[in-house]
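J.: So here's query-v3.txt (compact mmCIF, N, CA and C atoms).
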# COMPACT_ATOMS: atom_id res chain seq x y z
N MET J 197 6.00 43.81 1.53
CA MET J 197 5.89 42.38 1.67
C MET J 197 5.54 41.77 0.31
N THR J 198 6.36 40.81 -0.12
CA THR J 198 6.12 40.13 -1.39
C THR J 198 5.07 39.05 -1.18
N THR J 199 4.15 38.96 -2.10
CA THR J 199 3.15 37.89 -2.05
C THR J 199 3.21 37.09 -3.34
N TYR J 200 2.71 35.87 -3.24
CA TYR J 200 2.77 34.93 -4.36
C TYR J 200 1.40 34.29 -4.56
N THR J 201 1.07 34.08 -5.81
CA THR J 201 -0.17 33.36 -6.11
C THR J 201 0.05 31.89 -5.75
N PRO J 202 -1.03 31.11 -5.68
CA PRO J 202 -0.85 29.67 -5.43
C PRO J 202 0.05 29.01 -6.48
N ALA J 203 -0.08 29.42 -7.74
CA ALA J 203 0.76 28.82 -8.78
C ALA J 203 2.24 29.16 -8.56
N GLU J 204 2.51 30.41 -8.18
CA GLU J 204 3.89 30.81 -7.91
C GLU J 204 4.44 30.09 -6.67
N ALA J 205 3.62 30.01 -5.64
CA ALA J 205 4.03 29.32 -4.41
C ALA J 205 4.29 27.85 -4.70
N SER J 206 3.46 27.27 -5.54
CA SER J 206 3.64 25.87 -5.92
C SER J 206 4.98 25.67 -6.62
N GLU J 207 5.25 26.54 -7.58
CA GLU J 207 6.51 26.42 -8.32
C GLU J 207 7.72 26.65 -7.41
N LEU J 208 7.66 27.67 -6.57
CA LEU J 208 8.78 28.00 -5.70
C LEU J 208 9.01 26.95 -4.61
N SER J 209 7.94 26.36 -4.12
CA SER J 209 8.06 25.41 -3.02
C SER J 209 8.29 23.98 -3.49
N GLY J 210 7.88 23.69 -4.71
CA GLY J 210 7.97 22.31 -5.20
C GLY J 210 6.77 21.47 -4.81
N PHE J 211 5.80 22.05 -4.12
CA PHE J 211 4.57 21.35 -3.76
C PHE J 211 3.51 21.65 -4.81
N SER J 212 2.65 20.69 -5.06
CA SER J 212 1.54 20.95 -5.97
C SER J 212 0.54 21.88 -5.29
N ILE J 213 -0.30 22.51 -6.08
CA ILE J 213 -1.33 23.37 -5.52
C ILE J 213 -2.25 22.55 -4.61
N ASP J 214 -2.55 21.33 -5.02
CA ASP J 214 -3.39 20.46 -4.18
C ASP J 214 -2.74 20.19 -2.83
N THR J 215 -1.42 19.99 -2.82
CA THR J 215 -0.72 19.76 -1.56
C THR J 215 -0.74 21.01 -0.69
N LEU J 216 -0.57 22.17 -1.30
CA LEU J 216 -0.65 23.41 -0.53
C LEU J 216 -2.02 23.54 0.14
N ARG J 217 -3.07 23.25 -0.59
CA ARG J 217 -4.42 23.31 -0.02
C ARG J 217 -4.58 22.27 1.08
N TYR J 218 -4.07 21.06 0.82
CA TYR J 218 -4.14 19.98 1.81
C TYR J 218 -3.42 20.39 3.09
N TYR J 219 -2.22 20.94 2.96
CA TYR J 219 -1.45 21.36 4.13
C TYR J 219 -2.21 22.44 4.92
N GLU J 220 -2.87 23.33 4.21
CA GLU J 220 -3.66 24.35 4.91
C GLU J 220 -4.87 23.72 5.59
N ARG J 221 -5.58 22.86 4.89
CA ARG J 221 -6.78 22.21 5.43
C ARG J 221 -6.46 21.35 6.65
N GLU J 222 -5.31 20.66 6.60
CA GLU J 222 -4.91 19.78 7.69
C GLU J 222 -4.23 20.50 8.85
N GLY J 223 -4.02 21.79 8.73
CA GLY J 223 -3.40 22.55 9.81
C GLY J 223 -1.89 22.44 9.83
N ILE J 224 -1.31 21.86 8.80
CA ILE J 224 0.16 21.78 8.71
C ILE J 224 0.70 23.17 8.41
N LEU J 225 0.02 23.85 7.52
CA LEU J 225 0.32 25.24 7.18
C LEU J 225 -0.83 26.06 7.75
N GLY J 226 -0.51 27.15 8.39
CA GLY J 226 -1.57 27.99 8.95
C GLY J 226 -2.48 28.53 7.87
N GLU J 227 -3.54 29.16 8.31
CA GLU J 227 -4.47 29.75 7.36
C GLU J 227 -3.75 30.79 6.52
N VAL J 228 -3.85 30.65 5.23
CA VAL J 228 -3.16 31.53 4.28
C VAL J 228 -4.02 32.76 4.05
N GLN J 229 -3.36 33.91 3.96
CA GLN J 229 -4.08 35.16 3.69
C GLN J 229 -4.81 35.07 2.35
N ARG J 230 -5.83 35.88 2.24
CA ARG J 230 -6.60 35.93 0.99
C ARG J 230 -6.75 37.37 0.53
N THR J 231 -6.88 37.51 -0.77
CA THR J 231 -7.14 38.84 -1.33
C THR J 231 -8.59 39.18 -1.05
N THR J 232 -8.96 40.40 -1.35
CA THR J 232 -10.36 40.81 -1.17
C THR J 232 -11.27 39.97 -2.05
N GLY J 233 -10.72 39.43 -3.13
CA GLY J 233 -11.49 38.55 -4.01
C GLY J 233 -11.54 37.11 -3.55
N GLY J 234 -10.88 36.82 -2.44
CA GLY J 234 -10.92 35.47 -1.88
C GLY J 234 -9.82 34.53 -2.37
N HIS J 235 -8.88 35.04 -3.15
CA HIS J 235 -7.79 34.20 -3.66
C HIS J 235 -6.66 34.12 -2.64
N ARG J 236 -6.10 32.92 -2.47
CA ARG J 236 -4.99 32.74 -1.54
C ARG J 236 -3.76 33.51 -2.02
N VAL J 237 -3.03 34.08 -1.06
CA VAL J 237 -1.74 34.70 -1.35
C VAL J 237 -0.75 34.21 -0.30
N TYR J 238 0.41 33.81 -0.77
CA TYR J 238 1.46 33.29 0.09
C TYR J 238 2.55 34.33 0.24
N THR J 239 3.19 34.34 1.40
CA THR J 239 4.27 35.28 1.66
C THR J 239 5.58 34.51 1.77
N ASP J 240 6.67 35.26 1.91
CA ASP J 240 7.97 34.62 2.11
C ASP J 240 7.99 33.78 3.39
N THR J 241 7.22 34.19 4.38
CA THR J 241 7.13 33.43 5.63
C THR J 241 6.57 32.04 5.36
N GLU J 242 5.47 31.97 4.62
CA GLU J 242 4.89 30.66 4.28
C GLU J 242 5.84 29.84 3.41
N LEU J 243 6.50 30.51 2.47
CA LEU J 243 7.44 29.78 1.61
C LEU J 243 8.61 29.22 2.42
N GLY J 244 9.09 29.98 3.40
CA GLY J 244 10.15 29.48 4.27
C GLY J 244 9.70 28.26 5.06
N LEU J 245 8.49 28.32 5.60
CA LEU J 245 7.95 27.18 6.33
C LEU J 245 7.76 25.99 5.39
N LEU J 246 7.25 26.24 4.20
CA LEU J 246 7.06 25.15 3.23
C LEU J 246 8.39 24.49 2.88
N ASP J 247 9.44 25.29 2.76
CA ASP J 247 10.75 24.74 2.46
C ASP J 247 11.19 23.77 3.55
N PHE J 248 10.99 24.15 4.81
CA PHE J 248 11.38 23.27 5.91
C PHE J 248 10.44 22.07 6.01
N LEU J 249 9.15 22.28 5.76
CA LEU J 249 8.20 21.17 5.77
C LEU J 249 8.58 20.14 4.71
N LYS J 250 9.06 20.62 3.57
CA LYS J 250 9.50 19.69 2.52
C LYS J 250 10.67 18.85 3.00
N CYS J 251 11.61 19.49 3.70
CA CYS J 251 12.74 18.77 4.28
C CYS J 251 12.23 17.70 5.24
N LEU J 252 11.32 18.08 6.12
CA LEU J 252 10.78 17.13 7.09
C LEU J 252 10.07 15.98 6.39
N ARG J 253 9.28 16.30 5.39
CA ARG J 253 8.53 15.26 4.67
C ARG J 253 9.48 14.33 3.93
N GLU J 254 10.49 14.89 3.29
CA GLU J 254 11.44 14.08 2.53
C GLU J 254 12.29 13.20 3.44
N THR J 255 12.40 13.56 4.70
CA THR J 255 13.14 12.72 5.64
C THR J 255 12.21 11.79 6.40
N GLY J 256 10.97 11.69 5.95
CA GLY J 256 10.07 10.68 6.47
C GLY J 256 9.18 11.08 7.62
N MET J 257 9.07 12.36 7.92
CA MET J 257 8.19 12.74 9.03
C MET J 257 6.75 12.46 8.62
N PRO J 258 6.02 11.73 9.47
CA PRO J 258 4.61 11.45 9.15
C PRO J 258 3.75 12.71 9.19
N VAL J 259 2.65 12.67 8.48
CA VAL J 259 1.74 13.82 8.39
C VAL J 259 1.27 14.24 9.78
N GLU J 260 1.02 13.30 10.64
CA GLU J 260 0.55 13.64 12.00
C GLU J 260 1.56 14.53 12.73
N ARG J 261 2.85 14.23 12.57
CA ARG J 261 3.88 15.07 13.20
C ARG J 261 4.08 16.38 12.47
N LEU J 262 3.91 16.37 11.14
CA LEU J 262 3.95 17.63 10.39
C LEU J 262 2.84 18.55 10.89
N ARG J 263 1.67 17.97 11.12
CA ARG J 263 0.54 18.74 11.61
C ARG J 263 0.88 19.34 12.98
N ARG J 264 1.49 18.55 13.84
CA ARG J 264 1.87 19.02 15.17
C ARG J 264 2.89 20.16 15.05
N TYR J 265 3.89 19.97 14.20
CA TYR J 265 4.92 20.99 14.01
C TYR J 265 4.29 22.28 13.48
N GLY J 266 3.41 22.15 12.48
CA GLY J 266 2.74 23.33 11.92
C GLY J 266 1.94 24.08 12.97
N ALA J 267 1.24 23.34 13.82
CA ALA J 267 0.46 23.98 14.88
C ALA J 267 1.39 24.69 15.87
N LEU J 268 2.50 24.05 16.21
CA LEU J 268 3.44 24.67 17.15
C LEU J 268 4.03 25.96 16.58
N CYS J 269 4.25 26.00 15.28
CA CYS J 269 4.86 27.18 14.65
C CYS J 269 3.94 28.39 14.66
N ARG J 270 2.68 28.19 14.95
CA ARG J 270 1.76 29.32 14.97
C ARG J 270 1.72 30.02 16.32
N ARG J 271 2.50 29.50 17.28
CA ARG J 271 2.56 30.13 18.61
C ARG J 271 4.01 30.38 18.97
N ASP J 272 4.28 31.55 19.50
CA ASP J 272 5.65 31.93 19.85
C ASP J 272 6.18 31.23 21.10
N ASP J 273 5.30 30.72 21.94
CA ASP J 273 5.74 30.12 23.21
C ASP J 273 5.96 28.61 23.13
N THR J 274 6.14 28.07 21.93
CA THR J 274 6.26 26.62 21.77
C THR J 274 7.64 26.17 21.33
N ILE J 275 8.62 27.02 21.47
CA ILE J 275 9.96 26.65 21.01
C ILE J 275 10.47 25.38 21.70
N PRO J 276 10.31 25.20 23.02
CA PRO J 276 10.76 23.94 23.63
C PRO J 276 10.09 22.71 23.03
N GLU J 277 8.80 22.80 22.72
CA GLU J 277 8.10 21.67 22.11
C GLU J 277 8.59 21.42 20.69
N ARG J 278 8.87 22.49 19.96
CA ARG J 278 9.41 22.33 18.60
C ARG J 278 10.77 21.65 18.65
N ILE J 279 11.60 22.07 19.60
CA ILE J 279 12.92 21.46 19.75
C ILE J 279 12.77 19.97 20.02
N ALA J 280 11.89 19.62 20.94
CA ALA J 280 11.70 18.20 21.29
C ALA J 280 11.23 17.40 20.08
N LEU J 281 10.28 17.94 19.34
CA LEU J 281 9.76 17.24 18.17
C LEU J 281 10.86 17.06 17.12
N LEU J 282 11.64 18.12 16.88
CA LEU J 282 12.70 18.04 15.87
C LEU J 282 13.85 17.15 16.33
N GLU J 283 14.14 17.13 17.64
CA GLU J 283 15.18 16.22 18.14
C GLU J 283 14.76 14.77 17.94
N GLN J 284 13.50 14.46 18.21
CA GLN J 284 13.01 13.09 17.98
C GLN J 284 13.14 12.72 16.51
N HIS J 285 12.78 13.65 15.65
CA HIS J 285 12.86 13.36 14.22
C HIS J 285 14.32 13.23 13.78
N ALA J 286 15.19 14.06 14.32
CA ALA J 286 16.62 13.97 13.98
C ALA J 286 17.18 12.61 14.38
N GLU J 287 16.76 12.09 15.52
CA GLU J 287 17.20 10.75 15.95
C GLU J 287 16.70 9.69 14.98
N HIS J 288 15.47 9.83 14.53
CA HIS J 288 14.90 8.90 13.55
C HIS J 288 15.70 8.95 12.24
N VAL J 289 16.02 10.15 11.79
CA VAL J 289 16.79 10.33 10.55
C VAL J 289 18.18 9.73 10.72
N GLU J 290 18.79 9.92 11.87
CA GLU J 290 20.12 9.35 12.13
C GLU J 290 20.09 7.83 12.06
N ARG J 291 19.06 7.21 12.64
CA ARG J 291 18.92 5.74 12.57
C ARG J 291 18.77 5.29 11.13
N GLN J 292 17.94 6.02 10.37
CA GLN J 292 17.75 5.68 8.96
C GLN J 292 19.07 5.79 8.21
N LEU J 293 19.81 6.84 8.47
CA LEU J 293 21.09 7.05 7.80
C LEU J 293 22.05 5.91 8.10
N GLN J 294 22.12 5.50 9.35
CA GLN J 294 23.01 4.40 9.72
C GLN J 294 22.60 3.11 9.02
N GLU J 295 21.30 2.86 8.91
CA GLU J 295 20.81 1.67 8.20
C GLU J 295 21.20 1.73 6.73
N VAL J 296 21.05 2.87 6.09
CA VAL J 296 21.40 3.01 4.67
C VAL J 296 22.90 2.85 4.48
N LEU J 297 23.70 3.40 5.37
CA LEU J 297 25.16 3.25 5.26
C LEU J 297 25.57 1.79 5.42
N ALA J 298 24.90 1.06 6.31
CA ALA J 298 25.19 -0.38 6.46
C ALA J 298 24.80 -1.13 5.19
N GLN J 299 23.68 -0.78 4.61
CA GLN J 299 23.25 -1.42 3.36
C GLN J 299 24.21 -1.09 2.23
N GLN J 300 24.71 0.14 2.19
CA GLN J 300 25.67 0.54 1.18
C GLN J 300 26.95 -0.28 1.32
N ALA J 301 27.40 -0.47 2.54
CA ALA J 301 28.61 -1.27 2.77
C ALA J 301 28.40 -2.71 2.32
N ARG J 302 27.22 -3.25 2.59
CA ARG J 302 26.92 -4.63 2.16
C ARG J 302 26.90 -4.75 0.63
N LEU J 303 26.34 -3.73 -0.03
CA LEU J 303 26.35 -3.72 -1.50
C LEU J 303 27.77 -3.64 -2.03
N ALA J 304 28.60 -2.81 -1.41
CA ALA J 304 29.99 -2.69 -1.84
C ALA J 304 30.72 -4.01 -1.70
N GLU J 305 30.47 -4.72 -0.60
CA GLU J 305 31.08 -6.04 -0.41
C GLU J 305 30.67 -7.01 -1.50
N LYS J 306 29.38 -7.03 -1.83
CA LYS J 306 28.89 -7.94 -2.86
C LYS J 306 29.47 -7.58 -4.22
N LEU J 307 29.55 -6.29 -4.53
CA LEU J 307 30.15 -5.86 -5.79
C LEU J 307 31.61 -6.28 -5.86
N ALA J 308 32.33 -6.12 -4.78
CA ALA J 308 33.74 -6.53 -4.74
C ALA J 308 33.86 -8.03 -4.97
N TRP J 309 32.97 -8.80 -4.38
CA TRP J 309 33.00 -10.25 -4.56
C TRP J 309 32.76 -10.61 -6.03
N TYR J 310 31.72 -9.99 -6.64
CA TYR J 310 31.43 -10.27 -8.05
C TYR J 310 32.60 -9.87 -8.95
N ARG J 311 33.20 -8.73 -8.66
CA ARG J 311 34.34 -8.30 -9.48
C ARG J 311 35.51 -9.25 -9.32
N GLY J 312 35.68 -9.75 -8.11
CA GLY J 312 36.72 -10.76 -7.87
C GLY J 312 36.46 -12.02 -8.68
N GLU J 313 35.21 -12.42 -8.73
CA GLU J 313 34.83 -13.61 -9.50
C GLU J 313 35.13 -13.40 -10.98
N LEU J 314 34.85 -12.21 -11.49
CA LEU J 314 35.16 -11.93 -12.89
C LEU J 314 36.66 -12.00 -13.14
N ASP J 315 37.43 -11.44 -12.23
CA ASP J 315 38.89 -11.44 -12.38
C ASP J 315 39.45 -12.87 -12.32
N ARG J 316 38.86 -13.72 -11.50
CA ARG J 316 39.32 -15.11 -11.39
C ARG J 316 38.85 -15.94 -12.58
N GLY J 317 37.74 -15.50 -13.20
CA GLY J 317 37.14 -16.25 -14.29
C GLY J 317 37.92 -16.19 -15.53
Mind turning this structure into structure tokens?

T.:
Amino acid sequence: MTTYTPAEASELSGFSIDTLRYYEREGILGEVQRTTGGHRVYTDTELGLLDFLKCLRETGMPVERLRRYGALCRRDDTIPERIALLEQHAEHVERQLQEVLAQQARLAEKLAWYRGELDRG
């Protein structure tokens, strides 16, 4: 089993060391293993979860729901609840995407109008 120091986990995950500690303290990330000297060590399992947590965070999932997802991931019998939580978030992301696409279309229309004005000018 490969393990990583907090600095390595930070670099590989893209999260700061402070965020890693915050995620552990808030229950978003489960309790991280420690060496006999008390230093945190991260495994590929934690890095995989961190990668997905980053996706969730970047798509706007609030910390409260990240905390819920992290707690659910620590139990094997919570797959239906995880699915429900992720489906709700996927619907939220889809609404956001549709809003951004509508805004992009509006920007394109305005740019076309301005370019038309330049051509007529």

J.: Which residue is closest to Gly223 in chain J? Choose from J:Leu208, J:Leu268, J:Leu245, J:Cys251 and count all atoms listed in the file.

T.: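 The answer is J:Leu268, which sits nearest to Gly223 in chain J.
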
J.: Rounded to one decimal in Å, what is the spacing between CA of Gly210 in chain J and atom C of Glu242 in chain J?

T.: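 Those two atoms sit 11.6 Å apart.
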
J.: Counting all atoms listed in the file, what are the residues of range 238-274 of chain J within 8 Å of range 284-306 of chain J, and for each of them which pair of atoms is the nearest and at what distance in Å, to one decimal? Sort the table by chain and rising number, as a Markdown table.

T.:
| residue | atom | partner | partner_atom | distance |
| --- | --- | --- | --- | --- |
| J:Thr255 | C | J:Val289 | CA | 6.4 |
| J:Gly256 | N | J:Val289 | CA | 7.5 |
| J:Met257 | CA | J:His285 | CA | 7.0 |

J.: Just the selected residues (N, CA and C atoms), exported as a compact mmCIF listing (two decimals), in the frame of the given file, please.

T.:
# COMPACT_ATOMS: atom_id res chain seq x y z
N THR J 255 12.40 13.56 4.70
CA THR J 255 13.14 12.72 5.64
C THR J 255 12.21 11.79 6.40
N GLY J 256 10.97 11.69 5.95
CA GLY J 256 10.07 10.68 6.47
C GLY J 256 9.18 11.08 7.62
N MET J 257 9.07 12.36 7.92
CA MET J 257 8.19 12.74 9.03
C MET J 257 6.75 12.46 8.62

J.: Which residue out of J:Tyr265, J:Tyr200, J:Phe211, J:Tyr219 has the minimum interatomic distance to Val237 in chain J when all atoms listed in the file are used?

T.: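 Ranking J:Tyr265, J:Tyr200, J:Phe211, J:Tyr219 by distance to Val237 in chain J, first place goes to J:Tyr200.
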
J.: Would you mind reading off the distance between CA of Thr198 in chain J and CA of Thr232 in chain J, one decimal, in Å?

T.: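 Taking CA of Thr198 in chain J and CA of Thr232 in chain J, their separation equals 16.5 Å.
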
J.: Between atom N of Thr199 in chain J and CA of Asp240 in chain J, what is the distance, to one decimal in Å?

T.: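 Computed distance, atom N of Thr199 in chain J to CA of Asp240 in chain J, equals 7.2 Å.
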
J.: Nearest residue to Glu283 in chain J out of J:Val259, J:Ala267, J:Ala308, J:Leu252, using only C-alpha atoms?

T.: J:Leu252

J.: If you run DSSP over the backbone, which residues in chain J end up alpha helix (DSSP H)? Put them as number ranges by chain.

T.: J: 202-209, 213-221, 240-254, 259-269, 275-316

J.: I need the residues in chain J that are strand (DSSP E) according to DSSP; give them as a PyMOL selection string.

T.: chain J and resi 199-200+238-239
